[in-house]
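Containing mmCIF, C-alpha atoms: my_file00.cif.
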```cif
data_run
#
loop_
_atom_site.label_atom_id
_atom_site.label_comp_id
_atom_site.auth_asym_id
_atom_site.auth_seq_id
_atom_site.Cartn_x
_atom_site.Cartn_y
_atom_site.Cartn_z
CA MET Z 1 43.94 -55.58 70.34
CA ARG Z 2 42.30 -53.11 67.98
CA GLU Z 3 45.69 -51.80 66.94
CA VAL Z 4 46.98 -55.28 66.17
CA TYR Z 5 43.83 -55.96 64.16
CA GLN Z 6 44.27 -52.79 62.09
CA GLU Z 7 47.93 -53.58 61.52
CA GLN Z 8 47.15 -57.08 60.28
CA LEU Z 9 44.33 -55.79 58.10
CA ASP Z 10 46.66 -53.19 56.54
CA LYS Z 11 49.13 -55.96 55.83
CA LEU Z 12 46.38 -57.95 54.10
CA ALA Z 13 45.44 -54.93 51.98
CA ASP Z 14 49.11 -54.57 50.98
CA GLU Z 15 49.20 -58.21 49.92
CA LEU Z 16 46.09 -57.77 47.80
CA ALA Z 17 47.54 -54.62 46.25
CA SER Z 18 50.69 -56.51 45.38
CA MET Z 19 48.59 -59.31 43.81
CA SER Z 20 46.84 -56.73 41.65
CA THR Z 21 50.23 -55.58 40.36
CA MET Z 22 51.20 -59.17 39.60
CA VAL Z 23 48.05 -59.94 37.60
CA GLY Z 24 48.21 -56.59 35.77
CA THR Z 25 51.78 -57.35 34.69
CA ALA Z 26 50.76 -60.88 33.72
CA MET Z 27 47.97 -59.57 31.47
CA GLU Z 28 50.27 -56.91 30.00
CA HIS Z 29 52.88 -59.51 29.10
CA ALA Z 30 50.30 -62.04 27.90
CA THR Z 31 48.83 -59.39 25.58
CA GLN Z 32 52.26 -58.51 24.24
CA ALA Z 33 53.02 -62.22 23.70
CA LEU Z 34 49.73 -62.49 21.82
CA LEU Z 35 50.25 -59.40 19.67
CA GLU Z 36 53.86 -60.22 18.80
CA ALA Z 37 53.70 -64.04 18.86
CA ASP Z 38 56.45 -63.86 21.49
CA LEU Z 39 56.94 -67.40 22.80
CA SER Z 40 59.42 -66.66 25.57
CA LEU Z 41 57.19 -63.93 27.01
CA ALA Z 42 54.19 -66.30 26.89
CA GLU Z 43 56.23 -68.90 28.76
CA GLN Z 44 57.30 -66.37 31.34
CA VAL Z 45 53.64 -65.55 32.09
CA ILE Z 46 52.85 -69.27 32.33
CA ASP Z 47 55.76 -69.90 34.71
CA GLU Z 48 54.96 -66.91 36.89
CA ASP Z 49 51.30 -67.79 37.43
CA MET Z 50 52.36 -70.02 40.31
CA GLN Z 51 53.49 -66.91 42.17
CA VAL Z 52 49.97 -65.50 41.99
CA ASP Z 53 48.57 -68.76 43.36
CA GLU Z 54 51.08 -68.67 46.20
CA ALA Z 55 50.27 -65.04 46.98
CA ARG Z 56 46.62 -65.97 47.18
CA SER Z 57 47.36 -68.83 49.60
CA ARG Z 58 49.40 -66.50 51.77
CA CYS Z 59 46.59 -63.93 51.81
CA GLU Z 60 44.12 -66.58 52.83
CA GLU Z 61 46.44 -67.87 55.56
CA HIS Z 62 46.83 -64.37 56.95
CA ALA Z 63 43.09 -63.80 56.83
CA PHE Z 64 42.57 -67.08 58.71
CA GLY Z 65 45.16 -66.04 61.26
CA LEU Z 66 43.39 -62.75 61.76
CA LEU Z 67 40.01 -64.44 62.15
CA ALA Z 68 41.34 -67.01 64.59
CA LEU Z 69 43.35 -64.64 66.77
CA GLN Z 70 41.16 -61.55 66.71
CA ALA Z 71 37.74 -63.19 66.29
CA PRO Z 72 36.38 -60.01 64.69
CA VAL Z 73 32.62 -59.53 64.63
CA ALA Z 74 30.15 -57.49 62.58
CA GLY Z 75 31.81 -55.09 60.15
CA ASP Z 76 35.34 -56.28 60.91
CA LEU Z 77 34.37 -59.86 60.22
CA ARG Z 78 32.87 -58.90 56.87
CA THR Z 79 35.96 -56.92 56.03
CA VAL Z 80 38.23 -59.89 56.56
CA ILE Z 81 35.96 -62.22 54.58
CA SER Z 82 35.93 -59.64 51.78
CA THR Z 83 39.70 -59.81 51.57
CA ILE Z 84 39.43 -63.60 51.12
CA HIS Z 85 36.97 -63.08 48.25
CA ALA Z 86 39.16 -60.36 46.71
CA ALA Z 87 42.17 -62.68 46.78
CA GLU Z 88 40.09 -65.30 44.97
CA ASP Z 89 39.09 -62.78 42.27
CA LEU Z 90 42.70 -61.72 41.83
CA GLU Z 91 43.87 -65.32 41.49
CA ARG Z 92 41.23 -65.82 38.81
CA MET Z 93 42.48 -62.72 36.97
CA GLY Z 94 45.92 -64.35 36.97
CA ASP Z 95 44.39 -67.54 35.52
CA LEU Z 96 42.80 -65.54 32.71
CA ALA Z 97 46.15 -63.94 31.82
CA LEU Z 98 47.55 -67.48 31.89
CA HIS Z 99 44.89 -68.63 29.39
CA VAL Z 100 45.83 -65.77 27.05
CA ALA Z 101 49.51 -66.72 27.29
CA LYS Z 102 48.72 -70.40 26.68
CA THR Z 103 46.78 -69.51 23.54
CA ALA Z 104 49.79 -67.53 22.25
CA ARG Z 105 52.06 -70.49 23.02
CA ARG Z 106 49.72 -73.07 21.45
CA ARG Z 107 49.66 -71.31 18.08
CA HIS Z 108 53.34 -70.34 18.00
CA PRO Z 109 55.07 -69.69 15.58
CA GLN Z 110 51.78 -68.75 13.91
CA PRO Z 111 50.30 -65.51 15.19
CA VAL Z 112 46.88 -66.02 16.82
CA LEU Z 113 45.54 -62.65 15.70
CA PRO Z 114 44.88 -61.49 12.15
CA ASP Z 115 45.88 -57.86 11.61
CA ASP Z 116 42.30 -56.56 11.53
CA VAL Z 117 41.58 -57.52 15.16
CA LYS Z 118 44.99 -56.68 16.66
CA SER Z 119 43.88 -53.18 17.63
CA TYR Z 120 41.01 -54.62 19.71
CA PHE Z 121 43.33 -56.82 21.72
CA SER Z 122 45.90 -54.10 22.07
CA ARG Z 123 43.22 -51.85 23.58
CA MET Z 124 41.64 -54.62 25.68
CA GLY Z 125 45.12 -55.30 27.08
CA GLN Z 126 45.53 -51.62 27.95
CA VAL Z 127 42.14 -51.48 29.64
CA ALA Z 128 42.96 -54.66 31.60
CA VAL Z 129 46.22 -53.13 32.84
CA LYS Z 130 44.43 -49.89 33.69
CA LEU Z 131 41.85 -51.85 35.69
CA SER Z 132 44.58 -53.68 37.61
CA ASN Z 133 46.34 -50.39 38.38
CA ARG Z 134 43.10 -48.89 39.56
CA VAL Z 135 42.44 -51.89 41.78
CA ASN Z 136 45.91 -51.44 43.23
CA HIS Z 137 45.30 -47.76 43.85
CA VAL Z 138 41.85 -48.36 45.37
CA MET Z 139 43.32 -51.01 47.67
CA ARG Z 140 46.06 -48.65 48.86
CA THR Z 141 43.93 -45.53 49.22
CA GLN Z 142 40.49 -47.04 49.91
CA ASP Z 143 39.22 -44.29 47.62
CA VAL Z 144 35.57 -45.15 47.04
CA GLN Z 145 35.20 -42.72 44.13
CA GLU Z 146 38.05 -44.36 42.27
CA ALA Z 147 36.53 -47.78 42.97
CA ARG Z 148 33.35 -46.64 41.26
CA GLY Z 149 35.43 -45.39 38.31
CA LEU Z 150 36.36 -48.96 37.47
CA GLU Z 151 32.85 -49.48 36.17
CA ASP Z 152 33.64 -47.06 33.31
CA ASP Z 153 36.70 -49.06 32.29
CA ASP Z 154 34.60 -52.19 32.47
CA ASP Z 155 32.03 -50.56 30.17
CA GLU Z 156 34.80 -49.81 27.70
CA MET Z 157 35.92 -53.45 27.87
CA ASP Z 158 32.35 -54.62 27.23
CA ASP Z 159 32.10 -52.28 24.22
CA LEU Z 160 35.37 -53.55 22.78
CA HIS Z 161 34.20 -57.12 23.34
CA ARG Z 162 30.90 -56.47 21.57
CA HIS Z 163 32.59 -54.77 18.62
CA LEU Z 164 35.09 -57.58 18.36
CA PHE Z 165 32.21 -60.05 18.11
CA SER Z 166 30.54 -58.03 15.40
CA VAL Z 167 33.81 -58.12 13.41
CA VAL Z 168 34.20 -61.89 13.84
CA MET Z 169 30.58 -62.57 12.97
CA GLY Z 170 30.43 -59.96 10.20
CA SER Z 171 30.17 -60.76 6.51
CA GLU Z 172 33.68 -59.43 5.82
CA TRP Z 173 35.39 -61.94 8.11
CA GLU Z 174 37.82 -63.92 5.98
CA HIS Z 175 39.95 -65.80 8.49
CA GLY Z 176 37.79 -68.87 8.88
CA VAL Z 177 36.25 -70.69 11.79
CA SER Z 178 39.28 -71.81 13.70
CA VAL Z 179 40.69 -68.28 14.10
CA ALA Z 180 37.19 -67.12 15.07
CA VAL Z 181 37.07 -69.74 17.84
CA ASP Z 182 40.41 -68.60 19.30
CA ILE Z 183 39.30 -64.99 19.19
CA THR Z 184 35.95 -65.74 20.79
CA LEU Z 185 37.64 -67.39 23.76
CA LEU Z 186 40.33 -64.72 24.03
CA GLY Z 187 37.70 -61.97 24.01
CA ARG Z 188 35.92 -63.76 26.82
CA PHE Z 189 39.14 -64.00 28.88
CA TYR Z 190 39.61 -60.21 28.74
CA GLU Z 191 35.97 -59.54 29.51
CA ARG Z 192 36.06 -61.85 32.56
CA PHE Z 193 39.33 -60.26 33.72
CA ALA Z 194 37.55 -56.90 33.80
CA ASP Z 195 34.54 -58.37 35.61
CA HIS Z 196 36.76 -59.73 38.37
CA ALA Z 197 38.57 -56.39 38.68
CA VAL Z 198 35.22 -54.69 39.21
CA SER Z 199 34.29 -57.32 41.75
CA VAL Z 200 37.50 -56.61 43.73
CA ALA Z 201 36.77 -52.88 43.64
CA ARG Z 202 33.21 -53.48 44.87
CA ARG Z 203 34.59 -55.45 47.78
CA VAL Z 204 36.87 -52.57 48.66
CA VAL Z 205 33.87 -50.22 48.63
CA TYR Z 206 32.21 -52.68 50.96
CA ILE Z 207 35.25 -52.77 53.22
CA VAL Z 208 35.32 -48.97 53.42
CA THR Z 209 31.62 -48.12 53.55
CA GLY Z 210 30.17 -51.29 55.07
CA SER Z 211 27.62 -51.72 52.28
CA MET Z 212 27.90 -53.40 48.93
CA PRO Z 213 27.29 -51.17 45.90
CA SER Z 214 24.34 -52.41 43.86
CA ASN Z 215 24.87 -53.72 40.34
CA ASN Z 216 24.97 -50.66 38.06
CA MET Q 1 28.35 -74.51 72.42
CA ARG Q 2 29.82 -77.32 70.34
CA GLU Q 3 26.34 -78.73 69.76
CA VAL Q 4 24.98 -75.41 68.55
CA TYR Q 5 27.97 -75.06 66.25
CA GLN Q 6 27.39 -78.50 64.74
CA GLU Q 7 23.70 -77.78 64.30
CA GLN Q 8 24.38 -74.51 62.48
CA LEU Q 9 27.02 -76.15 60.34
CA ASP Q 10 24.61 -78.94 59.36
CA LYS Q 11 22.08 -76.29 58.41
CA LEU Q 12 24.67 -74.61 56.21
CA ALA Q 13 25.48 -77.92 54.52
CA ASP Q 14 21.74 -78.40 53.85
CA GLU Q 15 21.55 -74.98 52.25
CA LEU Q 16 24.50 -75.75 50.01
CA ALA Q 17 22.95 -79.09 49.06
CA SER Q 18 19.74 -77.32 48.16
CA MET Q 19 21.70 -74.82 46.03
CA SER Q 20 23.30 -77.72 44.16
CA THR Q 21 19.82 -79.04 43.32
CA MET Q 22 18.79 -75.59 42.09
CA VAL Q 23 21.77 -75.16 39.78
CA GLY Q 24 21.48 -78.75 38.50
CA THR Q 25 17.85 -78.13 37.59
CA ALA Q 26 18.78 -74.80 36.01
CA MET Q 27 21.39 -76.46 33.79
CA GLU Q 28 19.01 -79.31 32.92
CA HIS Q 29 16.32 -76.86 31.83
CA ALA Q 30 18.78 -74.56 30.06
CA THR Q 31 20.09 -77.54 28.08
CA GLN Q 32 16.57 -78.59 27.17
CA ALA Q 33 15.76 -75.00 26.12
CA LEU Q 34 18.88 -75.04 23.96
CA LEU Q 35 18.22 -78.43 22.35
CA GLU Q 36 14.56 -77.73 21.66
CA ALA Q 37 14.71 -73.94 21.12
CA ASP Q 38 12.15 -73.69 23.95
CA LEU Q 39 11.75 -70.00 24.73
CA SER Q 40 9.50 -70.28 27.76
CA LEU Q 41 11.84 -72.77 29.42
CA ALA Q 42 14.79 -70.47 28.72
CA GLU Q 43 12.91 -67.59 30.32
CA GLN Q 44 12.05 -69.71 33.32
CA VAL Q 45 15.76 -70.42 33.90
CA ILE Q 46 16.54 -66.71 33.50
CA ASP Q 47 13.82 -65.71 35.99
CA GLU Q 48 14.80 -68.34 38.53
CA ASP Q 49 18.47 -67.41 38.66
CA MET Q 50 17.63 -64.75 41.22
CA GLN Q 51 16.66 -67.53 43.63
CA VAL Q 52 20.16 -68.98 43.39
CA ASP Q 53 21.65 -65.57 44.13
CA GLU Q 54 19.35 -65.19 47.13
CA ALA Q 55 20.23 -68.67 48.40
CA ARG Q 56 23.89 -67.73 48.18
CA SER Q 57 23.32 -64.53 50.18
CA ARG Q 58 21.44 -66.51 52.83
CA CYS Q 59 24.27 -69.06 53.04
CA GLU Q 60 26.78 -66.29 53.46
CA GLU Q 61 24.66 -64.59 56.12
CA HIS Q 62 24.41 -67.83 58.07
CA ALA Q 63 28.13 -68.44 57.76
CA PHE Q 64 28.76 -64.91 59.06
CA GLY Q 65 26.37 -65.56 61.93
CA LEU Q 66 28.19 -68.73 62.79
CA LEU Q 67 31.58 -67.01 62.66
CA ALA Q 68 30.42 -64.10 64.78
CA LEU Q 69 28.58 -66.10 67.44
CA GLN Q 70 30.78 -69.17 67.69
CA ALA Q 71 34.14 -67.63 66.78
CA PRO Q 72 35.42 -71.02 65.59
CA VAL Q 73 39.17 -71.51 65.31
CA ALA Q 74 41.50 -73.85 63.42
CA GLY Q 75 39.66 -76.59 61.53
CA ASP Q 76 36.21 -75.28 62.36
CA LEU Q 77 37.10 -71.86 61.05
CA ARG Q 78 38.36 -73.34 57.78
CA THR Q 79 35.21 -75.40 57.48
CA VAL Q 80 32.98 -72.36 57.71
CA ILE Q 81 35.09 -70.38 55.24
CA SER Q 82 34.92 -73.37 52.88
CA THR Q 83 31.13 -73.20 52.93
CA ILE Q 84 31.36 -69.53 51.88
CA HIS Q 85 33.61 -70.49 48.95
CA ALA Q 86 31.33 -73.40 48.02
CA ALA Q 87 28.30 -71.09 47.95
CA GLU Q 88 30.23 -68.78 45.61
CA ASP Q 89 31.05 -71.69 43.26
CA LEU Q 90 27.42 -72.77 43.26
CA GLU Q 91 26.21 -69.27 42.45
CA ARG Q 92 28.65 -69.19 39.55
CA MET Q 93 27.26 -72.53 38.31
CA GLY Q 94 23.83 -70.91 38.32
CA ASP Q 95 25.23 -67.99 36.28
CA LEU Q 96 26.61 -70.40 33.70
CA ALA Q 97 23.21 -72.10 33.33
CA LEU Q 98 21.80 -68.59 32.95
CA HIS Q 99 24.26 -67.85 30.12
CA VAL Q 100 23.16 -71.02 28.32
CA ALA Q 101 19.50 -70.03 28.69
CA LYS Q 102 20.23 -66.50 27.47
CA THR Q 103 21.93 -67.87 24.36
CA ALA Q 104 18.85 -70.00 23.62
CA ARG Q 105 16.64 -66.94 24.10
CA ARG Q 106 18.84 -64.63 21.98
CA ARG Q 107 18.65 -66.89 18.92
CA HIS Q 108 14.98 -67.85 19.29
CA PRO Q 109 13.08 -68.84 17.15
CA GLN Q 110 16.23 -70.04 15.38
CA PRO Q 111 17.81 -73.08 17.02
CA VAL Q 112 21.34 -72.35 18.27
CA LEU Q 113 22.62 -75.85 17.59
CA PRO Q 114 23.01 -77.55 14.23
CA ASP Q 115 21.99 -81.22 14.33
CA ASP Q 116 25.55 -82.53 14.17
CA VAL Q 117 26.54 -81.04 17.55
CA LYS Q 118 23.27 -81.62 19.42
CA SER Q 119 24.46 -84.93 20.83
CA TYR Q 120 27.47 -83.21 22.43
CA PHE Q 121 25.30 -80.71 24.26
CA SER Q 122 22.78 -83.33 25.22
CA ARG Q 123 25.58 -85.34 26.83
CA MET Q 124 27.29 -82.29 28.36
CA GLY Q 125 23.94 -81.38 29.91
CA GLN Q 126 23.61 -84.88 31.35
CA VAL Q 127 27.12 -84.77 32.79
CA ALA Q 128 26.42 -81.33 34.29
CA VAL Q 129 23.27 -82.64 36.00
CA LYS Q 130 25.16 -85.72 37.20
CA LEU Q 131 27.86 -83.49 38.68
CA SER Q 132 25.26 -81.37 40.48
CA ASN Q 133 23.59 -84.48 41.87
CA ARG Q 134 26.92 -85.81 43.03
CA VAL Q 135 27.73 -82.51 44.71
CA ASN Q 136 24.37 -82.72 46.46
CA HIS Q 137 25.06 -86.27 47.61
CA VAL Q 138 28.58 -85.46 48.74
CA MET Q 139 27.28 -82.51 50.70
CA ARG Q 140 24.65 -84.62 52.43
CA THR Q 141 26.82 -87.67 53.13
CA GLN Q 142 30.29 -86.09 53.32
CA ASP Q 143 31.41 -89.17 51.38
CA VAL Q 144 35.00 -88.41 50.41
CA GLN Q 145 35.18 -91.26 47.88
CA GLU Q 146 32.20 -89.91 46.00
CA ALA Q 147 33.74 -86.43 46.06
CA ARG Q 148 36.80 -87.82 44.32
CA GLY Q 149 34.51 -89.50 41.76
CA LEU Q 150 33.50 -86.09 40.45
CA GLU Q 151 36.89 -85.80 38.82
CA ASP Q 152 35.90 -88.63 36.43
CA ASP Q 153 32.76 -86.80 35.36
CA ASP Q 154 34.85 -83.68 34.90
CA ASP Q 155 37.25 -85.65 32.69
CA GLU Q 156 34.29 -86.76 30.58
CA MET Q 157 33.18 -83.13 30.27
CA ASP Q 158 36.69 -82.10 29.19
CA ASP Q 159 36.72 -84.89 26.57
CA LEU Q 160 33.35 -83.82 25.20
CA HIS Q 161 34.53 -80.23 25.12
CA ARG Q 162 37.71 -81.15 23.23
CA HIS Q 163 35.79 -83.29 20.70
CA LEU Q 164 33.27 -80.52 20.21
CA PHE Q 165 36.11 -78.14 19.36
CA SER Q 166 37.57 -80.57 16.87
CA VAL Q 167 34.16 -80.75 15.15
CA VAL Q 168 33.79 -76.97 15.03
CA MET Q 169 37.34 -76.46 13.79
CA GLY Q 170 37.29 -79.46 11.45
CA SER Q 171 37.25 -79.25 7.68
CA GLU Q 172 33.72 -80.63 7.47
CA TRP Q 173 32.17 -77.78 9.46
CA GLU Q 174 29.59 -76.16 7.24
CA HIS Q 175 27.63 -73.89 9.58
CA GLY Q 176 29.80 -70.81 9.33
CA VAL Q 177 31.55 -68.57 11.81
CA SER Q 178 28.66 -67.16 13.75
CA VAL Q 179 27.29 -70.57 14.79
CA ALA Q 180 30.87 -71.58 15.67
CA VAL Q 181 31.18 -68.57 17.96
CA ASP Q 182 27.97 -69.46 19.83
CA ILE Q 183 29.08 -73.05 20.20
CA THR Q 184 32.54 -72.08 21.41
CA LEU Q 185 31.08 -69.99 24.21
CA LEU Q 186 28.42 -72.57 25.09
CA GLY Q 187 31.06 -75.30 25.29
CA ARG Q 188 33.04 -73.12 27.65
CA PHE Q 189 29.98 -72.55 29.89
CA TYR Q 190 29.52 -76.31 30.37
CA GLU Q 191 33.21 -76.86 30.95
CA ARG Q 192 33.34 -74.12 33.60
CA PHE Q 193 30.17 -75.49 35.25
CA ALA Q 194 31.97 -78.82 35.70
CA ASP Q 195 35.10 -77.10 37.04
CA HIS Q 196 33.09 -75.32 39.71
CA ALA Q 197 31.32 -78.55 40.67
CA VAL Q 198 34.71 -80.19 41.19
CA SER Q 199 35.81 -77.20 43.23
CA VAL Q 200 32.77 -77.59 45.51
CA ALA Q 201 33.51 -81.28 45.96
CA ARG Q 202 37.14 -80.54 46.81
CA ARG Q 203 35.98 -78.13 49.48
CA VAL Q 204 33.78 -80.84 50.97
CA VAL Q 205 36.79 -83.17 51.06
CA TYR Q 206 38.60 -80.41 52.86
CA ILE Q 207 35.74 -79.96 55.31
CA VAL Q 208 35.71 -83.68 56.09
CA THR Q 209 39.41 -84.52 56.07
CA GLY Q 210 40.96 -81.18 56.99
CA SER Q 211 43.28 -81.19 53.97
CA MET Q 212 42.74 -80.01 50.42
CA PRO Q 213 43.15 -82.69 47.73
CA SER Q 214 45.93 -81.79 45.30
CA ASN Q 215 45.11 -80.99 41.68
CA ASN Q 216 44.76 -84.30 39.79
#
```

Can the structure in the file be given as structure tokens, please?
Amino acid sequence: MREVYQEQLDKLADELASMSTMVGTAMEHATQALLEADLSLAEQVIDEDMQVDEARSRCEEHAFGLLALQAPVAGDLRTVISTIHAAEDLERMGDLALHVAKTARRRHPQPVLPDDVKSYFSRMGQVAVKLSNRVNHVMRTQDVQEARGLEDDDDEMDDLHRHLFSVVMGSEWEHGVSVAVDITLLGRFYERFADHAVSVARRVVYIVTGSMPSNN
Amino acid sequence: MREVYQEQLDKLADELASMSTMVGTAMEHATQALLEADLSLAEQVIDEDMQVDEARSRCEEHAFGLLALQAPVAGDLRTVISTIHAAEDLERMGDLALHVAKTARRRHPQPVLPDDVKSYFSRMGQVAVKLSNRVNHVMRTQDVQEARGLEDDDDEMDDLHRHLFSVVMGSEWEHGVSVAVDITLLGRFYERFADHAVSVARRVVYIVTGSMPSNN
């Protein structure tokens, strides 16, 4: 029984790891679509979001199956519920990549980003991909130290987000209100993406150590 | 056994209903703090958010207890997991009210809102409270029709949100970029609050009918 449980749980962890790859790729492509006003890439991200949703449903089904058949208690029960939460976070990360891609599509053929903020989004995209890769690695290795390392990437994302705001709200901003509104929302999408990645990593720490790391 | 299960499930539904009251009140007060630049009310909302987080932890603990002791399967299992998701949505609604209150506090003693957008936020606040009340009622009565009614309120919120954007991005906007940025984020907080309320209601439909309503 125990062996079957562990096997099913490993399978669940693999599914979550594969979801993290999907959402990392989605954010990478969405960022590229945004930076280069690439309509077909934006549409690809939009089309592929359904696959993330389906992967999440499958994860949840498998978690339900595990709960129903194995009726885990105590730590095992919490582990399985954590995988359900992690799948929800990962689906939300996919939604945020989708929002970025939709913004790129909505403004096409106009670029969304003026040149003086492109570097922020380029870097926020890189940090988002790095976070997704780290989530993937944490999920596969259950390496608690690496999970904690995600907080540093999240700090970098928060810094970028704050600086971006100071540029948009600064006296030298010359691109008007409507560009500022797009950039405000886009900045928020990247920041939330990072928050959800950290949340997934915290759940993995929980799964491995049995206790939830405190905030900061 | 069945009777104990039903009793514990009813208790969980009560806890969720009470959370919906808490987050509705939080958004009502946050909106008032925003409209009237009321610092002490903003701080009250900020202080009280911890209670929402605690209520969510309690809900989750009770759901775990129910899963561990009753080991429900099939529909019952899905019902209990749905309560865990609903508690997460409700906590997030509390966070969004918190963000509104923090914006009011950050700009104090300056008002965040110029007069020409106050009516939007006043109405968005009312719709948010209405949604929370409906969630509460749905949770207590398990009335599937009422749950579906939340979608109408959510449509109204989306309309308000769209109109608000057209005001901010319109040619007559005269309050500059930095006010526009605040209003963009605030608008998003209300819109997300409504989305989560709808998500809670959909979970209640699921709990009652055993199948998830499709999107739209």

request  = Please identify all polymer residues within 10 Å of Leu160 (chain Q), counting all atoms listed in the file, omitting same-chain residues fewer than 6 positions from it, and present them as a list in words.
outcome  = Ser119, Tyr120, Phe121, Arg123, Met124, Val127, Asp154, Ser166, Gly187, Tyr190 and Glu191 of chain Q

Explicit residue set for the PyMOL selection byres ((chain Q) within 12 of (chain Z)), as JSON, numbers by chain = {"Q": [60, 61, 63, 64, 65, 66, 67, 68, 69, 70, 71, 72, 73, 74, 75, 76, 77, 78, 79, 80, 81, 82, 84, 85, 86, 87, 88, 89, 164, 165, 166, 167, 168, 169, 170, 171, 172, 173, 174, 175, 176, 177, 178, 179, 180, 181, 182, 183, 184, 185, 186, 187, 188, 189]}

message = If I take CA of Leu113 (chain Q) and CA of Leu90 (chain Q), how far is one from the other in Å, to one decimal?
response =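 Computed distance, CA of Leu113 (chain Q) to CA of Leu90 (chain Q), equals 26.3 Å.
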
Applied to the shown file, which residues does the PyMOL selection byres ((chain Z and resi 9) around 10) return, written as a PDB file with C-alpha atoms, in the coordinates of the input?
```pdb
ATOM      1  CA  GLU Z   3      45.690 -51.800  66.940  1.00  0.00           C
ATOM      2  CA  VAL Z   4      46.980 -55.280  66.170  1.00  0.00           C
ATOM      3  CA  TYR Z   5      43.830 -55.960  64.160  1.00  0.00           C
ATOM      4  CA  GLN Z   6      44.270 -52.790  62.090  1.00  0.00           C
ATOM      5  CA  GLU Z   7      47.930 -53.580  61.520  1.00  0.00           C
ATOM      6  CA  GLN Z   8      47.150 -57.080  60.280  1.00  0.00           C
ATOM      7  CA  ASP Z  10      46.660 -53.190  56.540  1.00  0.00           C
ATOM      8  CA  LYS Z  11      49.130 -55.960  55.830  1.00  0.00           C
ATOM      9  CA  LEU Z  12      46.380 -57.950  54.100  1.00  0.00           C
ATOM     10  CA  ALA Z  13      45.440 -54.930  51.980  1.00  0.00           C
ATOM     11  CA  ASP Z  14      49.110 -54.570  50.980  1.00  0.00           C
ATOM     12  CA  GLU Z  15      49.200 -58.210  49.920  1.00  0.00           C
ATOM     13  CA  HIS Z  62      46.830 -64.370  56.950  1.00  0.00           C
ATOM     14  CA  ALA Z  63      43.090 -63.800  56.830  1.00  0.00           C
ATOM     15  CA  LEU Z  66      43.390 -62.750  61.760  1.00  0.00           C
ATOM     16  CA  ASP Z  76      35.340 -56.280  60.910  1.00  0.00           C
ATOM     17  CA  THR Z  79      35.960 -56.920  56.030  1.00  0.00           C
ATOM     18  CA  VAL Z  80      38.230 -59.890  56.560  1.00  0.00           C
ATOM     19  CA  THR Z  83      39.700 -59.810  51.570  1.00  0.00           C
TER      20      THR Z  83
END
```

task = Find the residue from Q:Ala97, Q:Ala147, Q:Ala197, Q:Val135 that sits nearest to Leu34 (chain Q); use all atoms listed in the file when measuring.
result = Q:Ala97

What would the selection look like, as a compact mmCIF listing (two decimals) with C-alpha atoms, in the frame of the given file, if the PyMOL selection byres ((chain Q and resi 39-41) around 9) were run on the coordinates I just shared?
```txt
# COMPACT_ATOMS: atom_id res chain seq x y z
CA HIS Q 29 16.32 -76.86 31.83
CA ALA Q 30 18.78 -74.56 30.06
CA GLN Q 32 16.57 -78.59 27.17
CA ALA Q 33 15.76 -75.00 26.12
CA LEU Q 34 18.88 -75.04 23.96
CA GLU Q 36 14.56 -77.73 21.66
CA ALA Q 37 14.71 -73.94 21.12
CA ASP Q 38 12.15 -73.69 23.95
CA ALA Q 42 14.79 -70.47 28.72
CA GLU Q 43 12.91 -67.59 30.32
CA GLN Q 44 12.05 -69.71 33.32
CA VAL Q 45 15.76 -70.42 33.90
CA ILE Q 46 16.54 -66.71 33.50
CA ALA Q 101 19.50 -70.03 28.69
CA ALA Q 104 18.85 -70.00 23.62
CA ARG Q 105 16.64 -66.94 24.10
CA HIS Q 108 14.98 -67.85 19.29
CA PRO Q 109 13.08 -68.84 17.15
```

Write out as an mmCIF file with C-alpha atoms, in the frame of the given file each polymer residue whose atoms come within 7 Å of His196 (chain Q), counting all atoms listed in the file; drop sequence neighbours fewer than 3 positions from it.
```cif
data_model
loop_
_atom_site.group_PDB
_atom_site.id
_atom_site.type_symbol
_atom_site.label_atom_id
_atom_site.label_comp_id
_atom_site.auth_asym_id
_atom_site.auth_seq_id
_atom_site.Cartn_x
_atom_site.Cartn_y
_atom_site.Cartn_z
ATOM 1 C CA ASP Q 89 31.050 -71.690 43.260
ATOM 2 C CA MET Q 93 27.260 -72.530 38.310
ATOM 3 C CA ARG Q 192 33.340 -74.120 33.600
ATOM 4 C CA PHE Q 193 30.170 -75.490 35.250
ATOM 5 C CA SER Q 199 35.810 -77.200 43.230
ATOM 6 C CA VAL Q 200 32.770 -77.590 45.510
#
```

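By all atoms listed in the file, and with residues fewer than 3 positions from Ala55 (chain Q) along its chain excluded, the set lying at most 8 Å from it is Glu15, Met19, Gln51, Val52, Arg58 and Cys59 of chain Q.
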
With C-alpha atoms kept, could you save the residues just selected as a short mmCIF file (atom, residue, chain, number, x, y, z; two decimals), in the frame of the given file?
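Just written: part06.cif:
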```cif
data_model
loop_
_atom_site.label_atom_id
_atom_site.label_comp_id
_atom_site.auth_asym_id
_atom_site.auth_seq_id
_atom_site.Cartn_x
_atom_site.Cartn_y
_atom_site.Cartn_z
CA GLU Q 15 21.55 -74.98 52.25
CA MET Q 19 21.70 -74.82 46.03
CA GLN Q 51 16.66 -67.53 43.63
CA VAL Q 52 20.16 -68.98 43.39
CA ARG Q 58 21.44 -66.51 52.83
CA CYS Q 59 24.27 -69.06 53.04
#
```

task = Find the distance between CA of Glu28 (chain Q) and CA of Val129 (chain Q) and write it in Å to one decimal.
result =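 We find that CA of Glu28 (chain Q) and CA of Val129 (chain Q) lie 6.2 Å from each other.
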
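Each of Z:Asp115, Z:Asp159, Z:Glu91, Z:Asp195 was checked against Leu16 (chain Z) using all atoms listed in the file; the smallest atom-to-atom distance is that of Z:Glu91.
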